[in-house]
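Content type mmCIF, C-alpha atoms, from the file upload20.cif:
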```cif
data_query
loop_
_atom_site.group_PDB
_atom_site.id
_atom_site.type_symbol
_atom_site.label_atom_id
_atom_site.label_comp_id
_atom_site.auth_asym_id
_atom_site.auth_seq_id
_atom_site.Cartn_x
_atom_site.Cartn_y
_atom_site.Cartn_z
ATOM 1 C CA MET B 126 0.000 0.000 0.000
ATOM 2 C CA LEU B 127 1.012 3.579 -0.613
ATOM 3 C CA ILE B 128 0.677 6.719 1.466
ATOM 4 C CA TYR B 129 -0.929 9.500 -0.587
ATOM 5 C CA LEU B 130 -0.814 13.152 0.462
ATOM 6 C CA THR B 131 -3.521 15.457 -0.888
ATOM 7 C CA GLY B 132 -4.387 19.096 -0.366
ATOM 8 C CA PRO B 133 -4.162 22.507 -1.991
ATOM 9 C CA ARG B 134 -1.058 24.219 -3.322
ATOM 10 C CA ALA B 135 1.411 25.135 -0.573
ATOM 11 C CA CYS B 136 -0.182 22.942 2.107
ATOM 12 C CA GLY B 137 3.123 21.095 2.626
ATOM 13 C CA LYS B 138 2.644 17.824 0.733
ATOM 14 C CA THR B 139 6.232 17.708 -0.534
ATOM 15 C CA SER B 140 7.768 18.638 2.823
ATOM 16 C CA LEU B 141 5.627 16.138 4.743
ATOM 17 C CA GLY B 142 6.192 13.493 2.073
ATOM 18 C CA ARG B 143 9.944 13.758 2.425
ATOM 19 C CA ALA B 144 9.704 13.685 6.223
ATOM 20 C CA LEU B 145 7.442 10.607 6.234
ATOM 21 C CA ALA B 146 9.613 8.826 3.683
ATOM 22 C CA THR B 147 12.680 9.470 5.833
ATOM 23 C CA ALA B 148 10.941 8.389 9.045
ATOM 24 C CA LEU B 149 9.622 5.180 7.452
ATOM 25 C CA ASP B 150 12.656 4.525 5.221
ATOM 26 C CA LEU B 151 10.473 4.539 2.116
ATOM 27 C CA PRO B 152 10.824 5.980 -1.374
ATOM 28 C CA PHE B 153 9.131 9.329 -1.993
ATOM 29 C CA VAL B 154 7.647 10.663 -5.239
ATOM 30 C CA ASP B 155 6.030 14.048 -5.868
ATOM 31 C CA THR B 156 3.738 13.596 -8.893
ATOM 32 C CA ASP B 157 4.193 17.180 -10.092
ATOM 33 C CA HIS B 158 8.001 16.883 -9.927
ATOM 34 C CA TYR B 159 7.837 13.474 -11.608
ATOM 35 C CA LEU B 160 5.683 14.868 -14.417
ATOM 36 C CA ARG B 161 8.043 17.825 -14.928
ATOM 37 C CA GLU B 162 11.112 15.579 -15.029
ATOM 38 C CA ARG B 163 9.442 13.064 -17.334
ATOM 39 C CA SER B 164 8.100 15.677 -19.782
ATOM 40 C CA GLY B 165 10.948 18.178 -19.485
ATOM 41 C CA GLU B 166 8.362 20.949 -19.120
ATOM 42 C CA GLU B 167 7.005 23.104 -16.338
ATOM 43 C CA VAL B 168 3.320 22.803 -15.456
ATOM 44 C CA ALA B 169 2.650 26.294 -16.875
ATOM 45 C CA ALA B 170 4.065 25.272 -20.288
ATOM 46 C CA ILE B 171 1.937 22.121 -20.406
ATOM 47 C CA VAL B 172 -1.178 24.092 -19.432
ATOM 48 C CA ALA B 173 -0.421 26.795 -22.023
ATOM 49 C CA ARG B 174 -0.174 24.180 -24.784
ATOM 50 C CA GLU B 175 -2.747 21.556 -23.701
ATOM 51 C CA GLY B 176 -5.002 23.457 -21.298
ATOM 52 C CA TRP B 177 -5.877 22.289 -17.802
ATOM 53 C CA GLU B 178 -7.770 19.315 -19.246
ATOM 54 C CA GLY B 179 -4.624 18.045 -20.992
ATOM 55 C CA PHE B 180 -2.565 18.577 -17.871
ATOM 56 C CA ARG B 181 -5.141 16.693 -15.760
ATOM 57 C CA ARG B 182 -5.005 13.714 -18.163
ATOM 58 C CA ARG B 183 -1.220 13.612 -17.851
ATOM 59 C CA GLU B 184 -1.488 13.979 -14.068
ATOM 60 C CA SER B 185 -3.848 10.980 -13.814
ATOM 61 C CA ALA B 186 -1.533 8.845 -15.945
ATOM 62 C CA VAL B 187 1.439 9.824 -13.778
ATOM 63 C CA LEU B 188 -0.432 8.835 -10.607
ATOM 64 C CA ARG B 189 -0.897 5.302 -11.906
ATOM 65 C CA GLU B 190 2.633 5.091 -13.284
ATOM 66 C CA VAL B 191 4.166 6.199 -9.982
ATOM 67 C CA ALA B 192 1.951 3.832 -7.983
ATOM 68 C CA ALA B 193 2.809 0.888 -10.234
ATOM 69 C CA GLY B 194 6.512 1.628 -9.922
ATOM 70 C CA LEU B 195 6.348 1.725 -6.143
ATOM 71 C CA GLU B 196 4.053 -1.285 -5.768
ATOM 72 C CA ASP B 197 5.872 -3.614 -8.162
ATOM 73 C CA GLY B 198 8.817 -3.909 -5.840
ATOM 74 C CA SER B 199 11.171 -1.834 -7.956
ATOM 75 C CA ALA B 200 11.470 0.360 -4.880
ATOM 76 C CA ALA B 201 11.647 -2.090 -1.974
ATOM 77 C CA ALA B 202 10.189 -1.006 1.325
ATOM 78 C CA GLY B 203 12.738 0.036 3.924
ATOM 79 C CA ALA B 204 13.641 -1.687 7.177
ATOM 80 C CA ALA B 205 11.659 0.670 9.422
ATOM 81 C CA ALA B 206 8.533 0.172 7.329
ATOM 82 C CA GLN B 207 8.999 -3.605 7.403
ATOM 83 C CA GLU B 208 9.137 -3.555 11.199
ATOM 84 C CA ALA B 209 5.987 -1.432 11.393
ATOM 85 C CA GLY B 210 4.223 -3.780 9.028
ATOM 86 C CA PRO B 211 4.819 -4.868 5.451
ATOM 87 C CA VAL B 212 2.079 -2.704 3.972
ATOM 88 C CA TRP B 213 3.786 0.597 3.117
ATOM 89 C CA ARG B 214 5.650 0.747 -0.205
ATOM 90 C CA GLY B 215 6.127 4.478 -0.649
ATOM 91 C CA VAL B 216 4.925 8.021 -0.066
ATOM 92 C CA VAL B 217 3.298 10.000 -2.889
ATOM 93 C CA ALA B 218 2.673 13.757 -2.787
ATOM 94 C CA THR B 219 -0.034 14.565 -5.327
ATOM 95 C CA GLY B 220 -0.728 17.772 -7.190
ATOM 96 C CA GLY B 221 -3.428 19.975 -5.683
ATOM 97 C CA GLY B 222 -5.890 19.128 -8.453
ATOM 98 C CA MET B 223 -5.311 15.362 -8.425
ATOM 99 C CA VAL B 224 -8.572 14.942 -6.497
ATOM 100 C CA LEU B 225 -10.662 16.518 -9.251
ATOM 101 C CA ALA B 226 -11.019 13.187 -11.051
ATOM 102 C CA GLU B 227 -13.241 10.698 -9.245
ATOM 103 C CA GLU B 228 -11.160 7.829 -10.630
ATOM 104 C CA ASN B 229 -8.036 9.316 -8.997
ATOM 105 C CA ARG B 230 -9.749 9.651 -5.614
ATOM 106 C CA ARG B 231 -11.049 6.076 -5.841
ATOM 107 C CA PHE B 232 -7.667 4.739 -7.013
ATOM 108 C CA MET B 233 -5.832 6.352 -4.112
ATOM 109 C CA ARG B 234 -8.343 5.134 -1.520
ATOM 110 C CA GLU B 235 -8.190 1.587 -2.914
ATOM 111 C CA THR B 236 -4.395 1.354 -3.216
ATOM 112 C CA GLY B 237 -3.302 3.129 -0.070
ATOM 113 C CA ARG B 238 -3.997 5.511 2.752
ATOM 114 C CA VAL B 239 -4.949 9.078 1.823
ATOM 115 C CA LEU B 240 -3.975 11.953 4.110
ATOM 116 C CA PHE B 241 -5.506 15.403 3.511
ATOM 117 C CA LEU B 242 -3.279 18.283 4.602
ATOM 118 C CA ASP B 243 -5.686 20.957 5.763
ATOM 119 C CA VAL B 244 -4.419 24.555 5.933
ATOM 120 C CA PRO B 245 -6.524 27.734 6.307
ATOM 121 C CA VAL B 246 -6.756 30.111 3.355
ATOM 122 C CA ALA B 247 -4.780 32.888 5.074
ATOM 123 C CA GLU B 248 -1.841 30.553 5.738
ATOM 124 C CA LEU B 249 -1.906 29.194 2.165
ATOM 125 C CA VAL B 250 -1.827 32.766 0.821
ATOM 126 C CA ARG B 251 1.084 33.617 3.141
ATOM 127 C CA ARG B 252 3.045 30.567 1.953
ATOM 128 C CA LEU B 253 2.292 31.182 -1.731
ATOM 129 C CA SER B 254 3.219 34.866 -1.429
ATOM 130 C CA ARG B 255 6.533 33.903 0.136
ATOM 131 C CA ASN B 256 7.344 31.288 -2.530
ATOM 132 C CA PRO B 257 5.063 31.717 -5.588
ATOM 133 C CA LEU B 258 6.776 29.352 -8.097
ATOM 134 C CA GLU B 259 4.553 30.578 -10.958
ATOM 135 C CA ALA B 260 5.939 28.059 -13.467
ATOM 136 C CA GLN B 261 5.144 25.208 -11.073
ATOM 137 C CA ARG B 262 1.924 26.718 -9.713
ATOM 138 C CA PRO B 263 0.223 28.691 -12.503
ATOM 139 C CA SER B 264 -2.944 30.631 -11.722
ATOM 140 C CA LEU B 265 -6.117 28.579 -11.929
ATOM 141 C CA THR B 266 -8.574 31.478 -12.129
ATOM 142 C CA GLY B 267 -6.673 34.668 -12.994
ATOM 143 C CA LYS B 268 -8.041 36.280 -9.807
ATOM 144 C CA SER B 269 -6.050 37.778 -6.958
ATOM 145 C CA LEU B 270 -4.125 35.229 -4.915
ATOM 146 C CA THR B 271 -6.446 35.460 -1.910
ATOM 147 C CA GLU B 272 -9.592 35.192 -4.063
ATOM 148 C CA GLU B 273 -8.175 32.287 -6.050
ATOM 149 C CA VAL B 274 -7.032 30.308 -3.008
ATOM 150 C CA ALA B 275 -10.381 30.817 -1.234
ATOM 151 C CA GLU B 276 -12.415 29.896 -4.319
ATOM 152 C CA VAL B 277 -10.377 26.845 -5.305
ATOM 153 C CA LEU B 278 -10.244 25.518 -1.745
ATOM 154 C CA ALA B 279 -14.011 25.951 -1.331
ATOM 155 C CA GLN B 280 -14.610 23.999 -4.557
ATOM 156 C CA ARG B 281 -12.185 21.195 -3.730
ATOM 157 C CA LEU B 282 -12.705 20.833 0.025
ATOM 158 C CA PRO B 283 -15.404 18.122 -0.274
ATOM 159 C CA LEU B 284 -13.047 16.151 -2.549
ATOM 160 C CA TYR B 285 -10.087 16.495 -0.178
ATOM 161 C CA GLU B 286 -12.339 15.394 2.683
ATOM 162 C CA GLU B 287 -12.782 11.982 1.035
ATOM 163 C CA ALA B 288 -9.311 11.158 2.395
ATOM 164 C CA HIS B 289 -8.933 8.565 5.127
ATOM 165 C CA HIS B 290 -7.457 11.177 7.485
ATOM 166 C CA ARG B 291 -7.329 14.950 7.834
ATOM 167 C CA LEU B 292 -4.167 16.573 9.240
ATOM 168 C CA ASP B 293 -3.852 20.101 10.610
ATOM 169 C CA ALA B 294 -0.975 21.056 8.323
ATOM 170 C CA ALA B 295 -0.803 24.643 9.581
ATOM 171 C CA ARG B 296 1.104 23.248 12.570
ATOM 172 C CA PRO B 297 4.909 22.803 12.537
ATOM 173 C CA LEU B 298 6.116 20.062 10.194
ATOM 174 C CA ARG B 299 7.433 17.846 13.029
ATOM 175 C CA ASP B 300 3.970 17.884 14.656
ATOM 176 C CA VAL B 301 2.187 17.102 11.383
ATOM 177 C CA CYS B 302 4.645 14.274 10.716
ATOM 178 C CA ALA B 303 4.120 12.831 14.213
ATOM 179 C CA GLN B 304 0.349 12.937 13.740
ATOM 180 C CA ALA B 305 0.621 11.246 10.335
ATOM 181 C CA LEU B 306 2.906 8.519 11.695
ATOM 182 C CA ALA B 307 0.487 7.813 14.556
ATOM 183 C CA LEU B 308 -2.469 7.559 12.142
ATOM 184 C CA LEU B 309 -0.537 5.270 9.802
ATOM 185 C CA ALA B 310 0.497 3.019 12.711
ATOM 186 C CA GLN B 311 -3.177 2.723 13.716
ATOM 187 C CA ALA B 312 -4.112 1.887 10.130
ATOM 188 C CA VAL B 313 -1.899 -1.206 10.122
ATOM 189 C CA ALA B 314 -2.635 -2.263 13.697
#
```
Please re-express this file's structure in structure tokens.
Amino acid sequence: MLIYLTGPRACGKTSLGRALATALDLPFVDTDHYLRERSGEEVAAIVAREGWEGFRRRESAVLREVAAGLEDGSAAAGAAAQEAGPVWRGVVATGGGMVLAEENRRFMRETGRVLFLDVPVAELVRRLSRNPLEAQRPSLTGKSLTEEVAEVLAQRLPLYEEAHHRLDAARPLRDVCAQALALLAQAVA
């Protein structure tokens, strides 16, 4: 089984994913980074050429490709994960819009444990303002950052809430990681 991290842009999926992978001695893959490396293009370039619909198709294909690579044993589970139980094969940080496709949400729930990183709008705006990464995180609506974050989060919140667990990801990373590890230990108990 895989550990999937979902949530909006700047909620900390990559940071938590790396921390969990280190703590559990597991491989880590960020689907957005994987897609950029595989295609040789930034998200903004893909969206400009193929639109959001084309990007979402690619994103869904990458989710399955990453999961297959981690599950097929090509990335063996680490010693710490084996001691905790043989179920975890890797940690996957998904793009913020991965949850838009019902088949992606179902796939993640069926092949792993889904953790939703919940962060209030004001904190997301603060994080995005500090580190905008426009090529990696192009605007979804063309509105101001605060309006866009509030609107997109309101639309996607019910989809994120389909996760197995909700984490308060506005807290310090070490606290979020500890909470995630405790929930994952309960899941295999």
Q | 12 Å contact set for B:Arg182, only C-alpha atoms, chain neighbours under 2 positions out, as a ChimeraX atom specification | A | /B:160,171-172,175-180,184-189,222-223,225-226,228-229
Please produce a file of those selected residues containing C-alpha atoms, as a compact mmCIF listing (two decimals), in the coordinates of the input.
```
# COMPACT_ATOMS: atom_id res chain seq x y z
CA LEU B 160 5.68 14.87 -14.42
CA ILE B 171 1.94 22.12 -20.41
CA VAL B 172 -1.18 24.09 -19.43
CA GLU B 175 -2.75 21.56 -23.70
CA GLY B 176 -5.00 23.46 -21.30
CA TRP B 177 -5.88 22.29 -17.80
CA GLU B 178 -7.77 19.32 -19.25
CA GLY B 179 -4.62 18.05 -20.99
CA PHE B 180 -2.56 18.58 -17.87
CA GLU B 184 -1.49 13.98 -14.07
CA SER B 185 -3.85 10.98 -13.81
CA ALA B 186 -1.53 8.85 -15.94
CA VAL B 187 1.44 9.82 -13.78
CA LEU B 188 -0.43 8.84 -10.61
CA ARG B 189 -0.90 5.30 -11.91
CA GLY B 222 -5.89 19.13 -8.45
CA MET B 223 -5.31 15.36 -8.43
CA LEU B 225 -10.66 16.52 -9.25
CA ALA B 226 -11.02 13.19 -11.05
CA GLU B 228 -11.16 7.83 -10.63
CA ASN B 229 -8.04 9.32 -9.00
```
Q: Might you spell out which residues the PyMOL selection byres ((chain B and resi 140-142) around 9) would select in the displayed file, as a list of chain:residue names?
A: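 The output of the PyMOL selection byres ((chain B and resi 140-142) around 9) on this file is B:Ile128, B:Tyr129, B:Leu130, B:Gly137, B:Lys138, B:Thr139, B:Arg143, B:Ala144, B:Leu145, B:Ala146, B:Thr147, B:Phe153, B:Val154, B:Asp155, B:Val216, B:Val217, B:Ala218, B:Ala294, B:Leu298, B:Arg299, B:Val301, B:Cys302, B:Ala305.
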Q | Among listed residues B:Pro245, B:Gly220, B:Gly237, B:Gly215, nearest B:Val274 (using all atoms listed in the file) | A | B:Pro245
Q | Gap from atom CA of B:Thr156 to atom CA of B:Thr219 - Å, one decimal | A |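 Computing the Euclidean distance for atom CA of B:Thr156 and atom CA of B:Thr219 yields 5.3 Å.
Within the file as shown, the PyMOL selection byres ((chain B and resi 242) around 9) identifies Leu130, Thr131, Gly132, Pro133, Cys136, Gly137, Lys138, Leu240, Phe241, Asp243, Val244, Tyr285, His290, Arg291, Leu292, Asp293, Ala294, Ala295 and Val301 of chain B.
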Q. In terms of the shortest atom-to-atom distance over all atoms listed in the file, which of B:Glu248, B:Val168, B:His158, B:Arg163 is closest to B:Arg296?
A.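 Nearest candidate to B:Arg296 out of B:Glu248, B:Val168, B:His158, B:Arg163: B:Glu248.
If only C-alpha atoms are the atoms counted, then among B:Ser164, B:Pro152, B:Asp157, B:Val212 the closest residue to B:Ala312 is B:Val212.
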Q: Measuring atom to atom with all atoms listed in the file, identify which of B:Leu149, B:Ala173, B:Val224, B:Val250 is nearest to B:Gln280.
A: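 Of B:Leu149, B:Ala173, B:Val224, B:Val250, the one nearest B:Gln280 is B:Val224, counting all atoms listed in the file.
For the pair atom CA of B:Ala169 and atom CA of B:Arg230, the separation is 23.6 Å.
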Q. For B:Gly221, which of B:His289, B:Arg161, B:Arg251, B:Arg281 is the closest residue, counting all atoms listed in the file?
A.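 Of all the options, B:Arg281 lies closest to B:Gly221.
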Q.
Rounded to one decimal, what separation in Å do you get between atom CA of B:Glu167 and atom CA of B:Glu227?
A.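 Computed distance, atom CA of B:Glu167 to atom CA of B:Glu227, equals 24.8 Å.
With distances restricted to all atoms listed in the file, B:Arg238 is the closest residue to B:Leu308 from B:Arg214, B:Lys268, B:Arg134, B:Arg238.
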